[in-house]
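K.L.:
What follows is target31.cif, mmCIF, C-alpha atoms, pLDDT in the B column; chains and numbers go by the auth columns.
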```cif
data_coords
#
loop_
_atom_site.group_PDB
_atom_site.id
_atom_site.type_symbol
_atom_site.label_atom_id
_atom_site.label_comp_id
_atom_site.label_asym_id
_atom_site.label_seq_id
_atom_site.Cartn_x
_atom_site.Cartn_y
_atom_site.Cartn_z
_atom_site.B_iso_or_equiv
_atom_site.auth_seq_id
_atom_site.auth_asym_id
ATOM 1 C CA MET A 1 56.767 23.456 100.486 66.00 1 D
ATOM 2 C CA ARG A 2 54.730 23.527 97.266 76.00 2 D
ATOM 3 C CA SER A 3 55.801 21.487 94.294 75.00 3 D
ATOM 4 C CA HIS A 4 55.804 23.237 90.953 82.00 4 D
ATOM 5 C CA ALA A 5 56.101 20.001 89.003 86.00 5 D
ATOM 6 C CA LEU A 6 53.441 19.603 86.340 83.00 6 D
ATOM 7 C CA ALA A 7 51.264 16.512 86.274 82.00 7 D
ATOM 8 C CA ASP A 8 51.942 14.441 83.180 84.00 8 D
ATOM 9 C CA GLU A 9 48.501 13.013 82.476 84.00 9 D
ATOM 10 C CA ARG A 10 48.058 10.046 80.160 89.00 10 D
ATOM 11 C CA MET A 11 46.243 10.988 76.970 92.00 11 D
ATOM 12 C CA PRO A 12 43.715 8.471 75.614 94.00 12 D
ATOM 13 C CA THR A 13 44.666 6.767 72.345 96.00 13 D
ATOM 14 C CA ARG A 14 41.555 8.154 70.651 97.00 14 D
ATOM 15 C CA SER A 15 42.615 11.711 71.493 97.00 15 D
ATOM 16 C CA LYS A 16 46.127 11.113 70.187 97.00 16 D
ATOM 17 C CA LEU A 17 44.775 9.738 66.913 98.00 17 D
ATOM 18 C CA SER A 18 42.316 12.590 66.490 98.00 18 D
ATOM 19 C CA ALA A 19 45.025 15.183 67.189 98.00 19 D
ATOM 20 C CA LEU A 20 47.376 13.510 64.696 98.00 20 D
ATOM 21 C CA TRP A 21 44.718 13.591 61.956 98.00 21 D
ATOM 22 C CA ALA A 22 44.039 17.261 62.722 98.00 22 D
ATOM 23 C CA SER A 23 47.755 17.952 62.338 98.00 23 D
ATOM 24 C CA VAL A 24 47.818 16.039 59.050 97.00 24 D
ATOM 25 C CA MET A 25 44.918 18.150 57.784 96.00 25 D
ATOM 26 C CA PHE A 26 46.694 21.405 58.691 96.00 26 D
ATOM 27 C CA CYS A 27 49.759 20.249 56.759 96.00 27 D
ATOM 28 C CA TYR A 28 47.601 19.325 53.750 94.00 28 D
ATOM 29 C CA VAL A 29 45.875 22.703 53.772 95.00 29 D
ATOM 30 C CA TYR A 30 49.052 24.736 54.206 95.00 30 D
ATOM 31 C CA GLY A 31 50.942 22.693 51.614 93.00 31 D
ATOM 32 C CA ASP A 32 48.193 23.241 49.059 90.00 32 D
ATOM 33 C CA TYR A 33 47.906 26.908 49.989 93.00 33 D
ATOM 34 C CA PHE A 34 51.650 27.542 49.649 94.00 34 D
ATOM 35 C CA GLU A 35 51.574 25.699 46.315 91.00 35 D
ATOM 36 C CA LEU A 36 49.452 28.560 44.952 90.00 36 D
ATOM 37 C CA TYR A 37 52.584 30.737 45.151 93.00 37 D
ATOM 38 C CA VAL A 38 54.562 28.455 42.838 92.00 38 D
ATOM 39 C CA PRO A 39 55.075 30.421 39.614 93.00 39 D
ATOM 40 C CA GLY A 40 52.604 29.347 36.940 91.00 40 D
ATOM 41 C CA LYS A 41 50.349 27.396 39.324 89.00 41 D
ATOM 42 C CA LEU A 42 47.474 29.876 39.290 88.00 42 D
ATOM 43 C CA GLN A 43 47.623 30.088 35.493 91.00 43 D
ATOM 44 C CA GLU A 44 47.383 26.290 35.287 90.00 44 D
ATOM 45 C CA MET A 45 44.368 26.394 37.566 88.00 45 D
ATOM 46 C CA LEU A 46 42.721 29.064 35.410 88.00 46 D
ATOM 47 C CA GLU A 47 43.346 26.851 32.365 89.00 47 D
ATOM 48 C CA GLY A 48 41.646 23.909 34.091 88.00 48 D
ATOM 49 C CA LYS A 49 44.789 21.849 34.654 89.00 49 D
ATOM 50 C CA MET A 50 45.905 19.966 37.749 83.00 50 D
ATOM 51 C CA ALA A 51 48.725 17.574 38.567 79.00 51 D
ATOM 52 C CA LEU A 52 46.871 14.529 37.226 79.00 52 D
ATOM 53 C CA GLY A 53 45.561 16.165 34.052 85.00 53 D
ATOM 54 C CA THR A 54 42.626 18.237 32.907 90.00 54 D
ATOM 55 C CA VAL A 55 40.106 19.219 35.562 91.00 55 D
ATOM 56 C CA THR A 56 36.822 17.349 35.293 92.00 56 D
ATOM 57 C CA GLN A 57 33.949 16.880 37.704 93.00 57 D
ATOM 58 C CA GLY A 58 35.098 13.305 38.224 93.00 58 D
ATOM 59 C CA MET A 59 38.672 14.373 38.929 92.00 59 D
ATOM 60 C CA LEU A 60 37.527 16.962 41.475 92.00 60 D
ATOM 61 C CA PHE A 61 35.073 14.497 43.036 95.00 61 D
ATOM 62 C CA GLY A 62 37.853 11.923 43.403 93.00 62 D
ATOM 63 C CA THR A 63 40.223 14.495 44.879 91.00 63 D
ATOM 64 C CA ALA A 64 37.535 15.733 47.266 93.00 64 D
ATOM 65 C CA SER A 65 36.808 12.152 48.345 95.00 65 D
ATOM 66 C CA LEU A 66 40.497 11.506 48.902 93.00 66 D
ATOM 67 C CA MET A 67 40.886 14.648 51.017 93.00 67 D
ATOM 68 C CA ALA A 68 37.639 14.183 52.976 96.00 68 D
ATOM 69 C CA VAL A 69 38.830 10.980 54.658 96.00 69 D
ATOM 70 C CA PRO A 70 41.611 12.489 56.833 96.00 70 D
ATOM 71 C CA GLY A 71 39.204 15.217 57.947 96.00 71 D
ATOM 72 C CA LEU A 72 36.594 12.601 58.846 97.00 72 D
ATOM 73 C CA MET A 73 39.224 10.582 60.719 98.00 73 D
ATOM 74 C CA ILE A 74 39.476 13.406 63.269 97.00 74 D
ATOM 75 C CA PHE A 75 35.885 12.635 64.283 98.00 75 D
ATOM 76 C CA LEU A 76 35.767 8.905 63.547 98.00 76 D
ATOM 77 C CA SER A 77 38.813 8.241 65.737 98.00 77 D
ATOM 78 C CA LEU A 78 36.797 9.557 68.669 97.00 78 D
ATOM 79 C CA VAL A 79 33.414 7.933 68.075 98.00 79 D
ATOM 80 C CA LEU A 80 33.798 4.580 66.310 97.00 80 D
ATOM 81 C CA PRO A 81 33.911 1.397 68.374 97.00 81 D
ATOM 82 C CA ALA A 82 37.497 0.721 69.449 96.00 82 D
ATOM 83 C CA MET A 83 38.154 -2.202 67.089 97.00 83 D
ATOM 84 C CA ALA A 84 36.722 -0.364 64.066 97.00 84 D
ATOM 85 C CA ALA A 85 38.640 2.812 64.966 98.00 85 D
ATOM 86 C CA ARG A 86 41.855 0.828 65.385 98.00 86 D
ATOM 87 C CA TRP A 87 41.700 -0.898 62.007 98.00 87 D
ATOM 88 C CA LEU A 88 40.435 2.162 60.146 98.00 88 D
ATOM 89 C CA ASN A 89 43.314 4.234 61.567 98.00 89 D
ATOM 90 C CA ILE A 90 45.842 1.570 60.608 98.00 90 D
ATOM 91 C CA GLY A 91 44.466 1.274 57.073 98.00 91 D
ATOM 92 C CA ALA A 92 43.994 5.001 56.467 98.00 92 D
ATOM 93 C CA GLY A 93 47.345 5.833 58.047 98.00 93 D
ATOM 94 C CA LEU A 94 49.210 3.401 55.785 98.00 94 D
ATOM 95 C CA PHE A 95 47.266 4.530 52.699 97.00 95 D
ATOM 96 C CA TYR A 96 47.940 8.244 53.228 97.00 96 D
ATOM 97 C CA ALA A 97 51.587 7.644 54.180 97.00 97 D
ATOM 98 C CA ALA A 98 52.000 5.763 50.879 96.00 98 D
ATOM 99 C CA ILE A 99 50.381 8.580 48.889 92.00 99 D
ATOM 100 C CA MET A 100 52.677 11.167 50.455 92.00 100 D
ATOM 101 C CA LEU A 101 55.688 8.895 49.903 93.00 101 D
ATOM 102 C CA LEU A 102 54.872 8.834 46.174 90.00 102 D
ATOM 103 C CA ILE A 103 54.751 12.639 46.192 84.00 103 D
ATOM 104 C CA LEU A 104 58.042 12.791 48.099 81.00 104 D
ATOM 105 C CA LEU A 105 59.740 10.395 45.669 85.00 105 D
ATOM 106 C CA GLY A 106 58.215 12.161 42.661 81.00 106 D
ATOM 107 C CA GLY A 107 60.037 15.358 43.469 76.00 107 D
ATOM 108 C CA ALA A 108 58.496 18.704 44.223 85.00 108 D
ATOM 109 C CA TRP A 109 59.418 22.078 45.610 90.00 109 D
ATOM 110 C CA ALA A 110 61.281 21.922 48.938 91.00 110 D
ATOM 111 C CA PHE A 111 58.348 23.285 50.984 93.00 111 D
ATOM 112 C CA TYR A 112 56.058 20.575 49.603 91.00 112 D
ATOM 113 C CA MET A 113 58.618 17.870 50.308 92.00 113 D
ATOM 114 C CA LEU A 114 58.898 19.159 53.875 94.00 114 D
ATOM 115 C CA PHE A 115 55.129 18.929 54.319 94.00 115 D
ATOM 116 C CA ALA A 116 55.128 15.466 52.697 94.00 116 D
ATOM 117 C CA ALA A 117 57.813 14.235 55.112 94.00 117 D
ATOM 118 C CA ILE A 118 55.893 15.615 58.098 96.00 118 D
ATOM 119 C CA GLU A 119 52.650 14.075 56.830 97.00 119 D
ATOM 120 C CA ILE A 120 54.362 10.693 56.415 96.00 120 D
ATOM 121 C CA ALA A 121 55.699 10.887 59.973 98.00 121 D
ATOM 122 C CA LEU A 122 52.284 11.884 61.346 98.00 122 D
ATOM 123 C CA THR A 123 50.373 9.157 59.505 98.00 123 D
ATOM 124 C CA LEU A 124 52.937 6.542 60.547 98.00 124 D
ATOM 125 C CA LEU A 125 52.461 7.723 64.141 98.00 125 D
ATOM 126 C CA VAL A 126 48.731 7.144 63.602 98.00 126 D
ATOM 127 C CA VAL A 127 49.514 3.580 62.523 98.00 127 D
ATOM 128 C CA GLY A 128 51.823 3.048 65.500 98.00 128 D
ATOM 129 C CA TYR A 129 49.376 4.326 68.109 98.00 129 D
ATOM 130 C CA ALA A 130 46.491 2.388 66.564 98.00 130 D
ATOM 131 C CA TRP A 131 48.603 -0.788 66.341 98.00 131 D
ATOM 132 C CA ARG A 132 49.546 -0.506 70.023 96.00 132 D
ATOM 133 C CA TRP A 133 45.989 0.354 71.138 95.00 133 D
ATOM 134 C CA PRO A 134 45.821 -0.576 74.855 92.00 134 D
ATOM 135 C CA ARG A 135 43.964 -3.785 75.691 90.00 135 D
ATOM 136 C CA THR A 136 41.429 -4.269 78.451 86.00 136 D
ATOM 137 C CA PRO A 137 42.899 -6.496 81.156 80.00 137 D
ATOM 138 C CA GLU A 138 41.473 -10.040 81.243 75.00 138 D
ATOM 139 C CA PRO A 139 39.047 -10.509 84.139 73.00 139 D
ATOM 140 C CA SER A 140 40.439 -12.593 86.993 70.00 140 D
ATOM 141 C CA ALA A 141 38.814 -15.968 87.456 64.00 141 D
#
```
Rewrite the structure from the file as structure tokens, please.
P.N.:
Amino acid sequence: MRSHALADERMPTRSKLSALWASVMFCYVYGDYFELYVPGKLQEMLEGKMALGTVTQGMLFGTASLMAVPGLMIFLSLVLPAMAARWLNIGAGLFYAAIMLLILLGGAWAFYMLFAAIEIALTLLVVGYAWRWPRTPEPSA
């Protein structure tokens, strides 16, 4: 008799972290895309305004730098040495969870708050998986 049970294979920590960062990035992109439908948002953009003030090269450079890190974490989680990947994921995960918490507490449209809550959960999962990174067993003497 053949078994139809599916094998539940263990996923490496690096793959989990990379997948979580990819999910975070999708939420960021969709949240920002949906925000374009908020009445008046496109007009503000045309007038050179954004949430933190008037658009400048420095403001856009800072925003781009802030948003580049989660995208880079998809790759870095896979290729950095384990200890560096662990601590970078813990630090970045806490930092981005805190940023989204500020947005959540600051109030926004319901769709954006939903994305913020999901992003907080995902980045805290990053922290949890990185914190519990499996250890290599000690060699027997």
K.L.:
Evaluate the PyMOL selection byres ((chain D and resi 17) around 10) here and jot the selected residues down as a list in words.
P.N.:
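When the PyMOL selection byres ((chain D and resi 17) around 10) is applied to the shown file, the picked residues are Pro12, Thr13, Arg14, Ser15, Lys16, Ser18, Ala19, Leu20, Trp21, Ala22, Ser23, Met73, Ile74, Phe75, Leu76, Ser77, Leu78, Ala85, Arg86, Asn89, Leu122, Thr123, Leu125, Val126, Val127, Gly128, Tyr129 and Ala130 of chain D.
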K.L.:
Please enumerate the residues selected by the PyMOL selection byres ((chain D and resi 98) around 12) when evaluated against the supplied file, formatted as number ranges by chain.
P.N.:
D: 91-97, 99-105, 116-117, 119-121, 123-124
K.L.:
Which of these, D:Val38, D:Leu72, D:Met25, D:Leu6, has the shortest distance to Tyr112 of chain D once you count all atoms listed in the file?
P.N.:
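Of all the options, D:Val38 lies closest to Tyr112 of chain D.
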K.L.:
Skip Leu52 of chain D itself and residues of its chain fewer than 6 positions away, then list as a ChimeraX atom specification all residues within 12 Å of it, counting all atoms listed in the file.
P.N.:
/D:44,58-60,62-63
K.L.:
So what do you get for atom CA of Ala68 of chain D versus atom CA of Phe26 of chain D, distance-wise?
P.N.:
12.9 Å
K.L.:
Of the residues D:Ala84, D:Ala108, D:Leu36, D:Val29, which is the one nearest to Gly71 of chain D, using all atoms listed in the file?
P.N.:
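Using all atoms listed in the file, Gly71 of chain D sits closest to D:Val29.
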